[in-house]
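Engineer: Starting off with a structure, shown below.
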Amino acid sequence: MKKAWRSESASARQSLLAALRAGQTASAMVLLHVLFEHAVGYALLALKEVEEISLLLPQVEECVLNLGKFHNIVRLVAFCPFSSSQVALENANAVSEGIVHEDLRLLLETHLPAKKKKVLLGVGDPKIGAAIQEELGYTCQTGGVIAEILRGVRLHFHNLVKGLTDLSACKAQLGLGHSYSRAKVKFNVNRVDNMIIQSISLLDQLDKDINTFSMRVREWYGYHFPELVKIINDNATYCRLAQFIGNRRELNEEKLEKLEELTMDGAKAKAILDASRSSMGMDISAIDLINIESFSSRVVSLSEYRQSLHTYLRSKMSQVAPSLSALIGEAVGARLIAHAGSLTNLAKYPASTVQILGAEKALFRALKTRGNTPKYGLIFHSTFIGRAAAKNKGRISRYLANKCSIASRIDCFSEVPTSVFGEKLREQVEERLSFYETGEIPRKNLDVMKEAMVQAEEAAAEITRKLAKQEKKRLKKEKKRLAALAALASSENSNTPEEHEETQEKPKKKKKQKLQEVPQENGMDDPSVSVSKPKKKKSFSKEELINSDMEETAGGSTSPPKKKKKSLPKEETASEPEEAARSVPKKKRKLSSKEEPVSSGPEEAAANKGSAKKKKKKLQRTSQED
């Protein structure tokens, strides 16, 4: 038996070796290429020893880390770089969606062999591999050895491509990652639903926290005033009262009005006042009261924030899913959207899934134990199921789930969402409830939907009209603002040229004066010199002019005008006429003749007085002789 087993095992080994050799020859006939997508472009690589790679996978894993050994296995056939970041983003989107881009098609058709049957293309993503195989006809392979080769290419890519450094490759990857993520967030269909999902999750968390903190306040303040717990049931009201009352011994009838405002009930306020006078609680210190009041104020602020968050959720639900919120309520509708992930996902669900949404554990437990499956999930919190009888709860939950799926689809795919359909669907659920109780036949769904369509068209027209009015008002305000800005700009422009002209005129005058002075220095002939002389001589004072005239009459040789004349060049004095040169002293003489009596001495004044007296005496004598 042992010899027979050994002979059989030897024959099996020989047949296995023969099969391996046949596989080696067959695999050597097929050319294996690998496609690698990078942020800088597409790379097409060829594998040199296909049969060794396909048979010795552990060796490939070892060779990936060593660059020298990896170069012996893989060689770069072609590299197609992206021309810009926009092109890189387009190709990344195409690869993620399983679409063959034109750049990828051109690379493969250009550099792969023409005989497609002899080509085996290794691809990392199965979606793009299926698309290439369907459109171009190349056989694609993923996983196994291809994954190890792509890991090595990713590690040594900057060494395989000439001119590419590790730093530039990392920068390209980072830029493409940012732009790809930004584009996905920007074109997210469910971006409006995210606000509803976050707000309902926060609302549920706040409810839990407020209940926990309120119980802590009740226990803490209950040591001092235990009777208040039985009188007040509401947590927020209890925290407000604990903050207001403080020490129960200080509570009197003056604070009764404030107690009535807080409790909204005069009987409860009177009961609190009576209980404070005969309370069994222990005394409490001031520091303990301060801590209790501060903690209760935090709980009150949390409850107020919960109310504001609830109003925000109602407004968002009326904008995003008005029909669903009108049918089942804002809180339950928001929980359905959050559990489904988005309004689009909820619209895709069938009514049977919507019915048990939120009761997945009970469903799988029932399927495993072959028990009764759950009748309702999150929709149990609606008022319809609570109002129905025990035997009709399953029926009404199934009917309500059907209407919820219709309402979610209307909200998701309608251009102008309105709450008309939700109100009509709610009326249908009410009629079904009354049918289960009284047997009254409800209206047909077709008739109800026809009425809803008419009302929805009117509501949509009204909404579009309001939006158009708002847009017109906004455009008018924008035009007025632009006109005001243009008027301000024009007024500023009209003021600035005058200022520029004023500033430009002053340097022009200075330039003229400089031009008048330059020829005098250079000794060139210029007729403006004779005109500028009297202007300069008018700058002298009257006393200086009078003294100069006196010196001239006395025969003095030095005078300011003569000095000025001497400063002029000889050619200029020769060319000018003598009258122009003598015009200045004549003017001075006229001025001096007018001013001579002013400069006369006391002797001349006395002589003038004597001559006047003699004239008077002569006149008197002539009058007497007559």
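Every chain in the structure tokens takes a letter, A first, then B, and so on in the order presented; its residues are numbered from 1, and the ligands are numbered from 1 following the presented order.
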Could I get the residues of range 221-336 of chain A with an atom no further than 12 Å from an atom of range 413-420 of chain A, each paired with its nearest atom pair and that distance in Å to one decimal, using only C-alpha atoms, sorted by chain and residue number, as a tab-separated table?

Structural biologist:
residue	atom	partner	partner_atom	distance
A:Met317	CA	A:Ser419	CA	10.6
A:Ser318	CA	A:Ser419	CA	7.8
A:Gln319	CA	A:Pro417	CA	7.5
A:Val320	CA	A:Pro417	CA	7.6
A:Ala321	CA	A:Pro417	CA	7.4
A:Pro322	CA	A:Ser419	CA	4.8
A:Ser323	CA	A:Ser419	CA	4.5
A:Leu324	CA	A:Ser419	CA	8.1
A:Ser325	CA	A:Ser419	CA	8.1
A:Ala326	CA	A:Ser419	CA	6.3
A:Leu327	CA	A:Ser419	CA	8.8
A:Ile328	CA	A:Ser419	CA	11.8
A:Gly329	CA	A:Ser419	CA	11.7

Engineer: Please produce a file of the residues just selected, as an mmCIF file, in the first residue's frame, where the atoms kept are N, CA, C and O atoms.

Structural biologist:
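Final output, saved to result_21.cif:
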data_model
loop_
_atom_site.group_PDB
_atom_site.id
_atom_site.type_symbol
_atom_site.label_atom_id
_atom_site.label_comp_id
_atom_site.auth_asym_id
_atom_site.auth_seq_id
_atom_site.Cartn_x
_atom_site.Cartn_y
_atom_site.Cartn_z
ATOM 1 N N MET A 317 -37.359 72.449 8.447
ATOM 2 C CA MET A 317 -38.233 71.397 7.926
ATOM 3 C C MET A 317 -39.314 71.977 7.018
ATOM 4 O O MET A 317 -39.701 71.357 6.027
ATOM 5 N N SER A 318 -39.814 73.177 7.333
ATOM 6 C CA SER A 318 -40.815 73.799 6.448
ATOM 7 C C SER A 318 -40.206 74.192 5.109
ATOM 8 O O SER A 318 -40.921 74.284 4.102
ATOM 9 N N GLN A 319 -38.888 74.428 5.043
ATOM 10 C CA GLN A 319 -38.230 74.751 3.780
ATOM 11 C C GLN A 319 -37.830 73.505 3.007
ATOM 12 O O GLN A 319 -37.968 73.459 1.787
ATOM 13 N N VAL A 320 -37.323 72.477 3.713
ATOM 14 C CA VAL A 320 -36.762 71.297 3.038
ATOM 15 C C VAL A 320 -37.832 70.243 2.778
ATOM 16 O O VAL A 320 -37.950 69.726 1.668
ATOM 17 N N ALA A 321 -38.620 69.897 3.801
ATOM 18 C CA ALA A 321 -39.617 68.825 3.679
ATOM 19 C C ALA A 321 -40.944 69.289 4.264
ATOM 20 O O ALA A 321 -41.353 68.824 5.340
ATOM 21 N N PRO A 322 -41.625 70.225 3.595
ATOM 22 C CA PRO A 322 -42.885 70.738 4.169
ATOM 23 C C PRO A 322 -44.000 69.704 4.201
ATOM 24 O O PRO A 322 -44.793 69.668 5.156
ATOM 25 N N SER A 323 -44.095 68.859 3.177
ATOM 26 C CA SER A 323 -45.169 67.861 3.147
ATOM 27 C C SER A 323 -44.992 66.815 4.239
ATOM 28 O O SER A 323 -45.948 66.429 4.920
ATOM 29 N N LEU A 324 -43.767 66.346 4.418
ATOM 30 C CA LEU A 324 -43.491 65.331 5.442
ATOM 31 C C LEU A 324 -43.739 65.892 6.841
ATOM 32 O O LEU A 324 -44.305 65.209 7.700
ATOM 33 N N SER A 325 -43.311 67.151 7.084
ATOM 34 C CA SER A 325 -43.535 67.750 8.400
ATOM 35 C C SER A 325 -45.016 68.020 8.652
ATOM 36 O O SER A 325 -45.488 67.898 9.784
ATOM 37 N N ALA A 326 -45.790 68.365 7.590
ATOM 38 C CA ALA A 326 -47.227 68.566 7.767
ATOM 39 C C ALA A 326 -47.943 67.250 8.025
ATOM 40 O O ALA A 326 -48.952 67.211 8.735
ATOM 41 N N LEU A 327 -47.414 66.157 7.488
ATOM 42 C CA LEU A 327 -48.061 64.857 7.659
ATOM 43 C C LEU A 327 -47.778 64.250 9.030
ATOM 44 O O LEU A 327 -48.699 63.836 9.741
ATOM 45 N N ILE A 328 -46.531 64.202 9.413
ATOM 46 C CA ILE A 328 -46.145 63.409 10.591
ATOM 47 C C ILE A 328 -45.513 64.242 11.694
ATOM 48 O O ILE A 328 -45.231 63.732 12.779
ATOM 49 N N GLY A 329 -45.258 65.534 11.454
ATOM 50 C CA GLY A 329 -44.632 66.383 12.457
ATOM 51 C C GLY A 329 -43.163 66.624 12.165
ATOM 52 O O GLY A 329 -42.504 65.817 11.496
#

Engineer: Smallest atom-to-atom distance to Gln355 in chain A: which of A:Val145, A:Asn402, A:Thr110, A:Ala390, using only C-alpha atoms?

Structural biologist: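 Counting only C-alpha atoms, the residue closest to Gln355 in chain A is A:Asn402.
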
Engineer: As an exercise, work out the distance from CA of Ala331 in chain A to CA of Leu313 in chain A in Å and give it to one decimal place.

Structural biologist: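 Rounded to one decimal, the two atoms are 8.1 Å apart.
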
Engineer: Smallest atom-to-atom distance to Gly175 in chain A: which of A:Leu112, A:Ala88, A:Ala242, A:Leu160, using only C-alpha atoms?

Structural biologist: A:Ala88

Engineer: Give me, please, the distance in Å between CA of His158 in chain A and CA of Gly41 in chain A, quoted to one decimal.

Structural biologist: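 According to the coordinates, CA of His158 in chain A and CA of Gly41 in chain A are separated by 12.0 Å.
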
Engineer: Give me, as an NGL selection string, all polymer residues having an atom no more than 10 Å from Arg395 in chain A, counting only C-alpha atoms and skipping those fewer than 6 positions away in the same chain.

Structural biologist: :A and (375 or 385 or 388 or 432-433 or 436)

Engineer: Please produce a file of those selected residues containing C-alpha atoms, as a PDB file, in the first residue's frame.

Structural biologist:
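Saved to part_6.pdb:
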ATOM      1  CA  LYS A 375     -45.030  46.630  13.172  1.00  0.00           C
ATOM      2  CA  ILE A 385     -50.572  55.203  16.050  1.00  0.00           C
ATOM      3  CA  ALA A 388     -55.516  53.885  17.018  1.00  0.00           C
ATOM      4  CA  ARG A 432     -58.671  56.047   7.585  1.00  0.00           C
ATOM      5  CA  LEU A 433     -58.623  56.245  11.383  1.00  0.00           C
ATOM      6  CA  TYR A 436     -61.396  51.816  11.403  1.00  0.00           C
TER       7      TYR A 436
END

Engineer: With only C-alpha atoms as the counted atoms, please give the residues lying no more than 9 Å from range 277-285 of chain A, apart from itself and same-chain residues fewer than 6 positions off, as a VMD selection string.

Structural biologist: chain A and resid 222 to 227 247 to 249 251 to 252

Engineer: Would you mind telling me which residue in A:His156, A:Arg314, A:Lys479, A:Arg426 lies nearest to Leu400 in chain A when using only C-alpha atoms?

Structural biologist: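 Checking each candidate against Leu400 in chain A, we get A:Arg426 as the closest.
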